[in-house]
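Printed here is work.cif (mmCIF, C-alpha atoms):
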```cif
data_final
#
loop_
_atom_site.label_atom_id
_atom_site.label_comp_id
_atom_site.auth_asym_id
_atom_site.auth_seq_id
_atom_site.Cartn_x
_atom_site.Cartn_y
_atom_site.Cartn_z
CA MET R 1 24.82 5.71 -93.51
CA ALA R 2 25.98 5.26 -90.13
CA LYS R 3 22.50 6.00 -89.05
CA LYS R 4 21.15 3.32 -91.28
CA LEU R 5 23.59 0.82 -89.99
CA LYS R 6 22.75 1.67 -86.47
CA ALA R 7 19.08 1.34 -87.21
CA LEU R 8 19.62 -1.94 -89.00
CA ALA R 9 21.77 -3.21 -86.14
CA GLY R 10 19.15 -2.04 -83.68
CA ALA R 11 16.44 -3.84 -85.63
CA VAL R 12 18.46 -7.02 -85.72
CA ALA R 13 19.20 -6.68 -82.04
CA ASP R 14 15.53 -6.05 -81.33
CA ASN R 15 14.55 -9.12 -83.35
CA GLN R 16 17.13 -11.21 -81.56
CA PHE R 17 16.04 -9.88 -78.20
CA ALA R 18 12.41 -10.57 -79.08
CA ALA R 19 13.29 -14.08 -80.20
CA THR R 20 15.26 -14.67 -77.00
CA VAL R 21 12.35 -13.41 -74.86
CA LYS R 22 9.92 -15.51 -76.89
CA GLU R 23 12.13 -18.56 -76.45
CA SER R 24 12.47 -17.94 -72.69
CA ALA R 25 8.71 -17.50 -72.30
CA HIS R 26 8.13 -20.73 -74.20
CA GLN R 27 10.60 -22.58 -71.92
CA ILE R 28 8.91 -21.12 -68.80
CA TRP R 29 5.55 -22.30 -70.17
CA LEU R 30 6.90 -25.79 -70.77
CA ALA R 31 8.46 -25.88 -67.28
CA GLY R 32 5.08 -24.90 -65.80
CA LEU R 33 3.36 -27.68 -67.75
CA GLY R 34 6.00 -30.14 -66.58
CA ALA R 35 5.58 -29.03 -62.98
CA PHE R 36 1.83 -29.35 -63.32
CA ALA R 37 2.14 -32.87 -64.74
CA LYS R 38 4.63 -33.83 -62.04
CA ALA R 39 2.39 -32.37 -59.32
CA GLN R 40 -0.56 -34.21 -60.74
CA GLU R 41 1.34 -37.50 -60.72
CA GLU R 42 2.76 -37.03 -57.26
CA GLY R 43 -0.16 -34.97 -55.98
CA ASN R 44 -2.08 -38.01 -54.79
CA LYS R 45 1.05 -39.35 -53.10
CA VAL R 46 1.72 -36.01 -51.42
CA PHE R 47 -1.96 -35.66 -50.44
CA ASP R 48 -1.97 -39.13 -48.88
CA ALA R 49 1.26 -38.34 -47.04
CA LEU R 50 -0.25 -35.10 -45.71
CA VAL R 51 -3.40 -36.94 -44.57
CA LYS R 52 -1.30 -39.52 -42.69
CA GLU R 53 0.76 -36.79 -41.08
CA GLY R 54 -2.43 -34.95 -40.07
CA GLU R 55 -3.91 -38.11 -38.51
CA SER R 56 -0.70 -38.70 -36.58
CA ILE R 57 -0.65 -35.13 -35.26
CA GLN R 58 -4.35 -35.33 -34.36
CA ALA R 59 -3.81 -38.59 -32.42
CA ARG R 60 -0.89 -37.10 -30.47
CA THR R 61 -2.83 -33.90 -29.80
CA ARG R 62 -5.90 -35.84 -28.66
CA LYS R 63 -3.79 -37.97 -26.31
CA VAL R 64 -2.18 -34.93 -24.74
CA ALA R 65 -5.56 -33.16 -24.48
CA ASP R 66 -7.16 -36.22 -22.83
CA GLU R 67 -4.32 -36.40 -20.30
CA LYS R 68 -4.72 -32.72 -19.47
CA ILE R 69 -8.49 -33.09 -19.20
CA ALA R 70 -8.10 -36.07 -16.85
CA GLU R 71 -5.62 -34.13 -14.73
CA VAL R 72 -7.89 -31.09 -14.50
CA ALA R 73 -10.94 -33.28 -13.82
CA GLY R 74 -9.04 -35.01 -10.99
CA ARG R 75 -8.15 -31.68 -9.44
CA ALA R 76 -11.69 -30.42 -9.91
CA ALA R 77 -13.13 -33.55 -8.32
CA GLY R 78 -10.86 -33.13 -5.31
CA THR R 79 -11.83 -29.49 -5.02
CA TRP R 80 -15.50 -30.39 -5.43
CA ASP R 81 -15.24 -33.03 -2.68
CA ARG R 82 -13.64 -30.53 -0.31
CA LEU R 83 -16.31 -27.97 -1.13
CA GLU R 84 -19.04 -30.54 -0.53
CA THR R 85 -17.51 -31.52 2.82
CA VAL R 86 -17.29 -27.89 3.94
CA PHE R 87 -20.90 -27.31 2.89
CA GLU R 88 -22.15 -30.41 4.73
CA GLU R 89 -20.29 -29.41 7.89
CA ARG R 90 -21.73 -25.90 7.83
CA VAL R 91 -25.27 -27.17 7.24
CA ALA R 92 -24.86 -29.71 10.07
CA ARG R 93 -23.64 -26.95 12.40
CA ALA R 94 -26.57 -24.71 11.46
CA LEU R 95 -29.08 -27.52 11.97
CA GLY R 96 -27.46 -28.39 15.31
CA THR R 97 -27.74 -24.76 16.39
CA LEU R 98 -31.43 -24.82 15.49
CA GLY R 99 -31.90 -28.05 17.45
CA VAL R 100 -32.74 -30.22 14.45
CA PRO R 101 -31.73 -33.82 15.14
CA THR R 102 -29.22 -35.48 12.86
CA LYS R 103 -29.75 -38.74 10.98
CA LYS R 104 -27.56 -40.42 13.59
CA ASP R 105 -29.80 -39.10 16.40
CA ILE R 106 -32.93 -40.26 14.60
CA ASP R 107 -31.40 -43.70 14.00
CA LYS R 108 -30.55 -44.00 17.71
CA LEU R 109 -34.08 -42.96 18.68
CA SER R 110 -35.61 -45.39 16.19
CA LYS R 111 -33.50 -48.21 17.61
CA ARG R 112 -34.52 -47.25 21.17
CA VAL R 113 -38.21 -47.08 20.18
CA ALA R 114 -37.91 -50.57 18.65
CA GLU R 115 -36.31 -51.88 21.86
CA LEU R 116 -38.99 -50.30 24.04
CA THR R 117 -41.73 -51.62 21.78
CA ALA R 118 -40.35 -55.13 22.22
CA VAL R 119 -40.24 -54.71 26.02
CA VAL R 120 -43.81 -53.37 26.10
CA GLN R 121 -44.94 -56.28 23.96
CA GLN R 122 -43.30 -58.75 26.36
CA LEU R 123 -44.86 -57.04 29.39
CA THR R 124 -48.28 -56.97 27.73
CA GLU R 125 -48.04 -60.66 26.91
CA ALA R 126 -46.89 -61.45 30.45
CA GLN R 127 -49.70 -59.33 31.94
CA GLU R 128 -52.30 -60.97 29.70
CA GLY R 129 -51.01 -64.39 30.73
CA THR R 130 -51.19 -63.36 34.42
CA ALA R 131 -54.66 -61.87 33.95
CA LYS R 132 -55.91 -65.11 32.42
CA LYS R 133 -54.45 -67.10 35.31
CA VAL R 134 -55.97 -64.67 37.81
CA ALA R 135 -59.33 -64.79 36.04
CA THR R 136 -59.24 -68.57 36.08
CA LYS R 137 -58.26 -68.55 39.73
CA ALA R 138 -60.87 -65.86 40.52
CA ALA R 139 -63.59 -67.99 38.99
CA ALA R 140 -62.44 -70.90 41.10
CA VAL R 141 -62.00 -68.79 44.29
CA PRO R 142 -65.67 -67.73 44.83
CA ALA R 143 -66.82 -71.32 44.89
CA THR R 144 -64.01 -72.21 47.25
CA VAL R 145 -64.67 -69.16 49.43
CA LYS R 146 -68.36 -70.02 49.71
CA ALA R 147 -67.51 -73.56 50.69
CA VAL R 148 -64.98 -72.41 53.28
CA ALA R 149 -67.31 -69.70 54.59
CA ALA R 150 -70.12 -72.19 54.95
CA LYS R 151 -67.89 -74.45 57.04
CA ALA R 152 -66.53 -71.63 59.20
CA ALA R 153 -69.82 -69.83 59.93
CA PRO R 154 -71.95 -71.28 62.75
CA ALA R 155 -75.24 -72.59 61.68
CA LYS R 156 -78.10 -70.18 62.27
CA LYS R 157 -80.74 -71.39 64.58
CA PRO R 158 -84.34 -70.43 64.13
CA ALA R 159 -85.34 -67.64 66.44
CA ALA R 160 -87.24 -68.76 69.51
CA ALA R 161 -90.77 -67.56 69.89
CA LYS R 162 -91.07 -65.00 72.61
CA SER R 163 -93.73 -65.44 75.12
CA VAL R 164 -96.67 -63.09 75.29
CA ALA R 165 -95.76 -62.01 78.80
CA VAL R 166 -92.28 -60.93 77.76
CA LYS R 167 -93.74 -58.96 74.89
CA LYS R 168 -96.22 -57.10 77.12
CA ALA R 169 -93.54 -56.27 79.65
CA ALA R 170 -91.35 -54.86 76.90
CA GLU R 171 -94.15 -52.65 75.54
CA PRO R 172 -94.47 -50.30 78.59
CA ALA R 173 -90.69 -49.96 78.71
CA ASP R 174 -90.65 -49.09 75.05
CA ALA R 175 -93.46 -46.53 75.59
CA ALA R 176 -91.61 -44.91 78.47
CA ALA R 177 -88.43 -44.67 76.44
CA GLY R 178 -90.38 -43.08 73.58
CA ALA R 179 -92.01 -40.50 75.94
CA ALA R 180 -88.71 -39.59 77.46
CA ALA R 181 -87.22 -39.12 74.06
CA ALA R 182 -90.12 -36.85 73.06
CA ALA R 183 -89.73 -34.64 76.16
#
```
Can you present the structure in this file as structure tokens?
Amino acid sequence: MAKKLKALAGAVADNQFAATVKESAHQIWLAGLGAFAKAQEEGNKVFDALVKEGESIQARTRKVADEKIAEVAGRAAGTWDRLETVFEERVARALGTLGVPTKKDIDKLSKRVAELTAVVQQLTEAQEGTAKKVATKAAAVPATVKAVAAKAAPAKKPAAAKSVAVKKAAEPADAAAGAAAAA
């Protein structure tokens, strides 16, 4: 009998234990449903709060990133400017060594050429003006020279007719001079 009582007590204890487990499982299930309902109600609120927090963090992160980018870009620009200056100096030195004129040299020469062109133009205009005056004077001078020369030169007289006797006397002298020259 003791065995029966133990078995009966064990069965009752098993039933009670099973009922307790069943009741606990049912309470856990109900708690889960309650949590689900609560999460569903407050889920939208929590989601909205998380979105706002994310936007705030993104704005702060973007601001910090933009500041860092600006700082790095400033340093890079300064470095780039120094690099560009060094490069320009080296190229200028190499071109100077090769004898290639600089922009400054070419500008000076261009200015000098413009100045000389202006001087040449002035001289050409002055020379053309002088040439016109000379040509005008030269045209007037021959007429004046002829008039002056006519006044200064003695008038030519007609040659006098030689007498026949003078001519005959000159002929033997001319013949003797010719014979002497032939001998």
Atomic separation - CA of Lys103 in chain R relative to CA of Val91 in chain R, Å: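 Answer for the CA of Val91 in chain R to CA of Lys103 in chain R separation: 13.0 Å.
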Separation of CA of Phe47 in chain R from CA of Lys63 in chain R, in Å and rounded to one decimal: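 For CA of Phe47 in chain R relative to CA of Lys63 in chain R, the distance reads 24.3 Å.
Picture a line from CA of Thr85 in chain R to CA of Lys104 in chain R; it runs 17.2 Å.
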